[in-house]
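To start, the structure itself, in structure tokens.
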Amino acid sequence: MYGQIPDSHKKDIDAAVNAAKKAFPAWSNTPVEERFKILNRIAELIDEHLEALALAETNDNGKPLWLSKRVDIPRASANFRFFATGIMHFATESHNMEGRAVNYTLRQPIGIVGCISPWNLPLYLFTWKIAPALAAGNCVIAKPSEVTPVTAFLLSKICMEAGLPAGVLNIVHGTGPGAGEAIVTHPDIKAISFTGSTRAGERIASLAAPKFKKLSLELGGKNPAIIFADCDWDKMLTETIRSSFSNQGEICLCGSRILVEESVYEKFKNAFVDRTKALTVGDPLEATSKQGAIVSKVHYEKILRCIDTAKTEGGVILCGGNAIHPSGRCKDGYFIEPTVIEGLGPQCQTNQEEIFGPVVTLQSFKTEDEALQLANASSYGLAATIWTQDISKANRVAAKVESGIIWINCWLLRDLRTPFGGMKNSGVGREGGWEALRFFTEAKNICVEL
Ligand code: NAD
């Protein structure tokens, strides 16, 4: 143990809401240029504190330090910068009724909103919600995951240093059932933006829907990577290793079901297994570690159970499948070998349930239709990757895959302006760009007869 956090409950959320209520009139009337300056300053301070934030993220989460430095923390500052500037350009619609009337839409801040985020990309996803909510003029009650709370705590200091007025952003710590549900059910919190598991999303929806709260739910995934024989082979192989095992496979967008055209299945399997075996798993502080530690004992045990289930279902472990005990300071840590499994059909538990670890399965297909059937044989619909040099096929398949985000010949290439989110059990609503600013505002139509 290296730290303690408060286990907040209803009375702490009440206190946070009271602070937000006091701050809201002034913050919602603060000119956007002033909001821009403060939020942009937060971005600059995140950059200035990159080293300390990255180290905190790695110690808390187990991800490699180079990844925290290269991805997590830069993306946190990018989120603030993006929405700080975005609000300066946000405009609303007008509908003209040919000489009779004009309608215009006001988009006003909702009031007090709740943001709840998971442990896999702690500061990255926390700021992805908070930044647009604040930019739009709301006051925010935000809860990071109790598993990885440290960078959220450090962010609170940065926000104070940047001059964010008291009560505008209230960061509370605690568990899902404790602090999380107190946020979701609080009568004065009018919108909930949640990223996390489908299980918790379902519970949150059941609590918030009867209270008619606005809801954005970014949930789990079981994403297909569809590999056609005519792809750019080397690029596909490099990126598929990345999409399978980045961040220990603990990214909602990781491709965990790899679907390969039959004619190149054996070639892919051999090359992919070789590359997987070459990945170094070890101390997250070492620059050579491609994969770090699993976030917690509970999650580590869950992943190992999933691997056992795959074996019971008849899956063949092509490589990995075991816990690792690196030498030195990490010998008691939660490390798992990157694992590749074949021989399982689309309906088995291993191909249906999100594992959220360094575990992928291989399945083969003969035709484009079969590839689509396999891709869509999941209750999730978050992201998919398509590898082919045939541009017509790529676009045809992309239109038919039931996922909110499709990457053709790339993976995790993100433009913050684009809609982000999933279909089916992967969630409701979209984040990113204007979608986020629309979510965090209430639209009001005003009709003026001429
Ligand atoms: P989780 O659902 O256990 O927890 C997420 C957050 O919700 C935490 O802050 C937790 O305290 C809180 N929470 C849990 N139960 C709650 C409840 N009943 N009421 C209110 N809050 C509650 O998820 P996790 O294990 O932290 O994260 C992993 C999951 O997140 C995976 O399923 C992953 O796919 C998903 N995820 C999705 C996206 C996306 O954009 N779709 C991104 C990252 C992670």
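Numbering starts fresh at 1 for the residues of each chain in the structure tokens, the chains themselves are lettered A, B, ... in the order given, and ligands are numbered from 1 as they appear.
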DSSP strand (DSSP E or B) residues within range 275-444 of chain A, listed as a PyMOL selection string: chain A and resi 281+291+316-319+323-324+335-336+339-342+359-365+380-381+383-387+405-408+420+423-424+427-428+431+441-444
Quick one: contact table of chain A to ligand 1, 8 Å max, nearest atom pair and distance in Å to one decimal per residue, counting only C-alpha atoms and all ligand atoms, chain and number order, as a tab-separated table?
```
residue	atom	partner	partner_atom_place_in_ligand_line	distance
A:Ile116	CA	ligand 1	9 (O)	5.2
A:Ser117	CA	ligand 1	9 (O)	4.7
A:Pro118	CA	ligand 1	26 (O)	3.5
A:Trp119	CA	ligand 1	26 (O)	4.6
A:Asn120	CA	ligand 1	27 (O)	6.1
A:Leu121	CA	ligand 1	43 (C)	6.7
A:Leu125	CA	ligand 1	43 (C)	7.2
A:Lys143	CA	ligand 1	9 (O)	5.9
A:Pro144	CA	ligand 1	9 (O)	4.9
A:Ser145	CA	ligand 1	9 (O)	3.4
A:Glu146	CA	ligand 1	11 (O)	5.6
A:Val147	CA	ligand 1	26 (O)	7.3
A:Gly174	CA	ligand 1	11 (O)	6.8
A:Thr175	CA	ligand 1	11 (O)	4.5
A:Gly176	CA	ligand 1	22 (C)	3.3
A:Pro177	CA	ligand 1	18 (N)	4.8
A:Gly178	CA	ligand 1	19 (N)	7.7
A:Ala179	CA	ligand 1	20 (C)	7.1
A:Gly180	CA	ligand 1	20 (C)	3.4
A:Glu181	CA	ligand 1	19 (N)	4.1
A:Ala182	CA	ligand 1	20 (C)	7.5
A:Ile183	CA	ligand 1	20 (C)	7.1
A:Val184	CA	ligand 1	20 (C)	6.2
A:Phe194	CA	ligand 1	7 (O)	6.9
A:Thr195	CA	ligand 1	37 (C)	5.2
A:Gly196	CA	ligand 1	30 (O)	3.1
A:Ser197	CA	ligand 1	32 (O)	3.4
A:Thr198	CA	ligand 1	32 (O)	6.0
A:Arg199	CA	ligand 1	2 (O)	6.5
A:Ala200	CA	ligand 1	2 (O)	4.5
A:Gly201	CA	ligand 1	2 (O)	6.7
A:Arg203	CA	ligand 1	18 (N)	5.5
A:Ile204	CA	ligand 1	19 (N)	5.3
A:Leu217	CA	ligand 1	41 (N)	7.5
A:Glu218	CA	ligand 1	41 (N)	3.7
A:Leu219	CA	ligand 1	41 (N)	4.0
A:Gly220	CA	ligand 1	34 (O)	3.2
A:Gly221	CA	ligand 1	34 (O)	5.2
A:Glu250	CA	ligand 1	33 (C)	7.4
A:Ile251	CA	ligand 1	43 (C)	5.9
A:Cys252	CA	ligand 1	34 (O)	3.9
A:Leu253	CA	ligand 1	42 (C)	7.3
A:Glu354	CA	ligand 1	32 (O)	6.9
A:Phe356	CA	ligand 1	31 (C)	6.5
A:Leu382	CA	ligand 1	41 (N)	6.7
A:Phe420	CA	ligand 1	40 (O)	7.5
A:Gly421	CA	ligand 1	41 (N)	6.0
A:Gly422	CA	ligand 1	41 (N)	6.6
A:Ser426	CA	ligand 1	41 (N)	6.2
A:Gly427	CA	ligand 1	41 (N)	6.9
```
What are the closest atom pairs, with distances in Å to one decimal, for each residue of range 155-221 of chain A lying within 12 Å of range 53-76 of chain A, using only C-alpha atoms, rows by chain and rising residue number, as JSON lines?
```
{"residue": "A:Leu155", "atom": "CA", "partner": "A:Leu53", "partner_atom": "CA", "distance": 8.8}
{"residue": "A:Lys157", "atom": "CA", "partner": "A:Leu53", "partner_atom": "CA", "distance": 11.8}
{"residue": "A:Ile158", "atom": "CA", "partner": "A:Leu53", "partner_atom": "CA", "distance": 10.8}
```
Would you list the contacts of Val260 in chain A as a PDB file with N, CA, C and O atoms, in the first residue's frame, taking every protein, DNA or RNA residue within 6 Å and counting only C-alpha atoms, but skipping same-chain residues closer than 5 positions in sequence?
```pdb
ATOM      1  N   ILE A 227      -9.026  -9.289 -40.964  1.00  0.00           N
ATOM      2  CA  ILE A 227      -7.803  -9.275 -41.765  1.00  0.00           C
ATOM      3  C   ILE A 227      -8.036 -10.027 -43.077  1.00  0.00           C
ATOM      4  O   ILE A 227      -8.226 -11.252 -43.072  1.00  0.00           O
ATOM      5  N   TYR A 265      -4.499 -17.715 -43.064  1.00  0.00           N
ATOM      6  CA  TYR A 265      -4.646 -17.969 -41.626  1.00  0.00           C
ATOM      7  C   TYR A 265      -3.367 -18.545 -41.014  1.00  0.00           C
ATOM      8  O   TYR A 265      -2.874 -18.056 -39.991  1.00  0.00           O
ATOM      9  N   SER A 364     -11.014 -18.067 -38.362  1.00  0.00           N
ATOM     10  CA  SER A 364     -10.802 -17.847 -39.796  1.00  0.00           C
ATOM     11  C   SER A 364     -12.148 -17.719 -40.506  1.00  0.00           C
ATOM     12  O   SER A 364     -13.179 -18.182 -40.016  1.00  0.00           O
TER      13      SER A 364
END
```
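Between Tyr380 in chain A and the residues A:Val428, A:Ile408, A:Ile226, A:Leu413, the shortest atom-to-atom distance, using only C-alpha atoms, involves A:Val428.
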For CA of Gly292 in chain A and CA of Gly328 in chain A, the interatomic separation in Å (one decimal): 14.0 Å
Near Thr388 in chain A, counting only C-alpha atoms, which residues have an atom at most 12 Å away, once you skip same-chain residues fewer than 5 positions from it, shown as a compact mmCIF listing (two decimals) with C-alpha atoms, in the first residue's frame?
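Result file follows (around_9.txt):
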```
# COMPACT_ATOMS: atom_id res chain seq x y z
CA ALA A 225 -9.95 -7.09 -36.21
CA ILE A 226 -10.84 -8.28 -39.73
CA ILE A 227 -7.80 -9.28 -41.77
CA PHE A 228 -8.17 -9.90 -45.49
CA ALA A 229 -5.47 -11.66 -47.51
CA ASP A 230 -4.87 -8.57 -49.68
CA CYS A 231 -3.81 -6.27 -46.81
CA ASP A 232 -0.50 -4.46 -46.37
CA TRP A 233 0.95 -7.40 -44.46
CA LYS A 235 1.75 -2.81 -41.37
CA MET A 236 -1.19 -5.04 -40.44
CA VAL A 260 -8.36 -13.87 -40.58
CA GLU A 261 -9.10 -14.85 -44.19
CA GLU A 368 -16.65 -11.33 -46.89
CA LYS A 393 -14.36 -3.87 -49.94
CA ALA A 394 -13.07 -1.88 -46.97
CA ASN A 395 -15.88 0.65 -47.22
CA ARG A 396 -18.52 -2.00 -47.90
CA VAL A 397 -17.52 -3.95 -44.81
CA ALA A 398 -17.17 -0.80 -42.70
CA TRP A 407 -10.51 1.87 -38.43
CA ILE A 408 -9.46 0.93 -41.96
CA ASN A 409 -5.76 0.01 -42.22
CA CYS A 410 -4.95 1.66 -38.89
```
Contacts of Leu318 in chain A within 12 Å, only C-alpha atoms, excl. fewer than 3 positions in-chain, as an MDAnalysis selection string: chainID A and resid 269:274 276:277 307 310:311 315 321:322 337:343 359:362
Suppose we keep C-alpha atoms; can you now write the selection as an mmCIF file, in the first residue's frame?
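This went into result04.cif:
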```cif
data_model
loop_
_atom_site.group_PDB
_atom_site.id
_atom_site.type_symbol
_atom_site.label_atom_id
_atom_site.label_comp_id
_atom_site.auth_asym_id
_atom_site.auth_seq_id
_atom_site.Cartn_x
_atom_site.Cartn_y
_atom_site.Cartn_z
ATOM 1 C CA LYS A 269 -0.900 -17.398 -36.985
ATOM 2 C CA ASN A 270 2.800 -18.235 -37.236
ATOM 3 C CA ALA A 271 3.953 -14.645 -37.699
ATOM 4 C CA PHE A 272 1.616 -13.272 -35.020
ATOM 5 C CA VAL A 273 2.572 -15.867 -32.428
ATOM 6 C CA ASP A 274 6.287 -15.207 -33.094
ATOM 7 C CA THR A 276 3.698 -12.002 -29.510
ATOM 8 C CA LYS A 277 6.330 -14.219 -27.910
ATOM 9 C CA ILE A 307 -7.931 -18.169 -19.806
ATOM 10 C CA ALA A 310 -11.039 -20.772 -22.812
ATOM 11 C CA LYS A 311 -9.182 -24.040 -22.137
ATOM 12 C CA GLY A 315 -9.468 -23.435 -26.921
ATOM 13 C CA GLY A 321 -1.638 -18.237 -20.933
ATOM 14 C CA ASN A 322 0.341 -17.942 -17.717
ATOM 15 C CA GLU A 337 1.892 -13.287 -20.660
ATOM 16 C CA PRO A 338 0.321 -12.005 -23.864
ATOM 17 C CA THR A 339 -1.946 -14.851 -24.866
ATOM 18 C CA VAL A 340 -3.201 -16.083 -28.242
ATOM 19 C CA ILE A 341 -5.959 -18.696 -28.444
ATOM 20 C CA GLU A 342 -7.471 -20.571 -31.398
ATOM 21 C CA GLY A 343 -10.082 -23.199 -31.971
ATOM 22 C CA VAL A 359 -5.769 -12.191 -24.451
ATOM 23 C CA VAL A 360 -6.913 -12.535 -28.076
ATOM 24 C CA THR A 361 -8.553 -15.290 -30.090
ATOM 25 C CA LEU A 362 -8.069 -16.227 -33.746
#
```
Contact residues around Ala101 in chain A with only C-alpha atoms at 12 Å, ignoring same-chain residues under 4 positions, as a list in words: Ser94, His95, Asn96, Met97, Ile446, Cys447, Val448, Glu449 and Leu450 of chain A
Could you please take those selected residues and save C-alpha atoms as a short mmCIF file (atom, residue, chain, number, x, y, z; two decimals), in the first residue's frame?
```
data_model
loop_
_atom_site.label_atom_id
_atom_site.label_comp_id
_atom_site.auth_asym_id
_atom_site.auth_seq_id
_atom_site.Cartn_x
_atom_site.Cartn_y
_atom_site.Cartn_z
CA SER A 94 -31.19 28.85 -36.81
CA HIS A 95 -34.25 27.67 -38.81
CA ASN A 96 -35.85 30.24 -41.06
CA MET A 97 -39.58 29.88 -41.90
CA ILE A 446 -36.92 30.05 -29.56
CA CYS A 447 -39.45 30.91 -32.27
CA VAL A 448 -39.83 34.57 -33.23
CA GLU A 449 -42.74 35.49 -35.52
CA LEU A 450 -41.72 38.26 -37.85
#
```
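Note that CA of Gly167 in chain A and CA of Pro109 in chain A are 15.5 Å apart.
The neighbours of Val17 in chain A here are the residues that come within 8 Å of it, using only C-alpha atoms and leaving out any residue fewer than 6 positions away in the same chain; they are Ile112, Ile141, Asp188 and Ile189 of chain A.
Here the question is which of A:Glu161, A:Ala78, A:Gln373, A:Lys297 gets nearest to Tyr124 in chain A using only C-alpha atoms, and that residue is A:Ala78.
Between CA of Ile324 in chain A and CA of Leu304 in chain A lies a distance of 11.3 Å.
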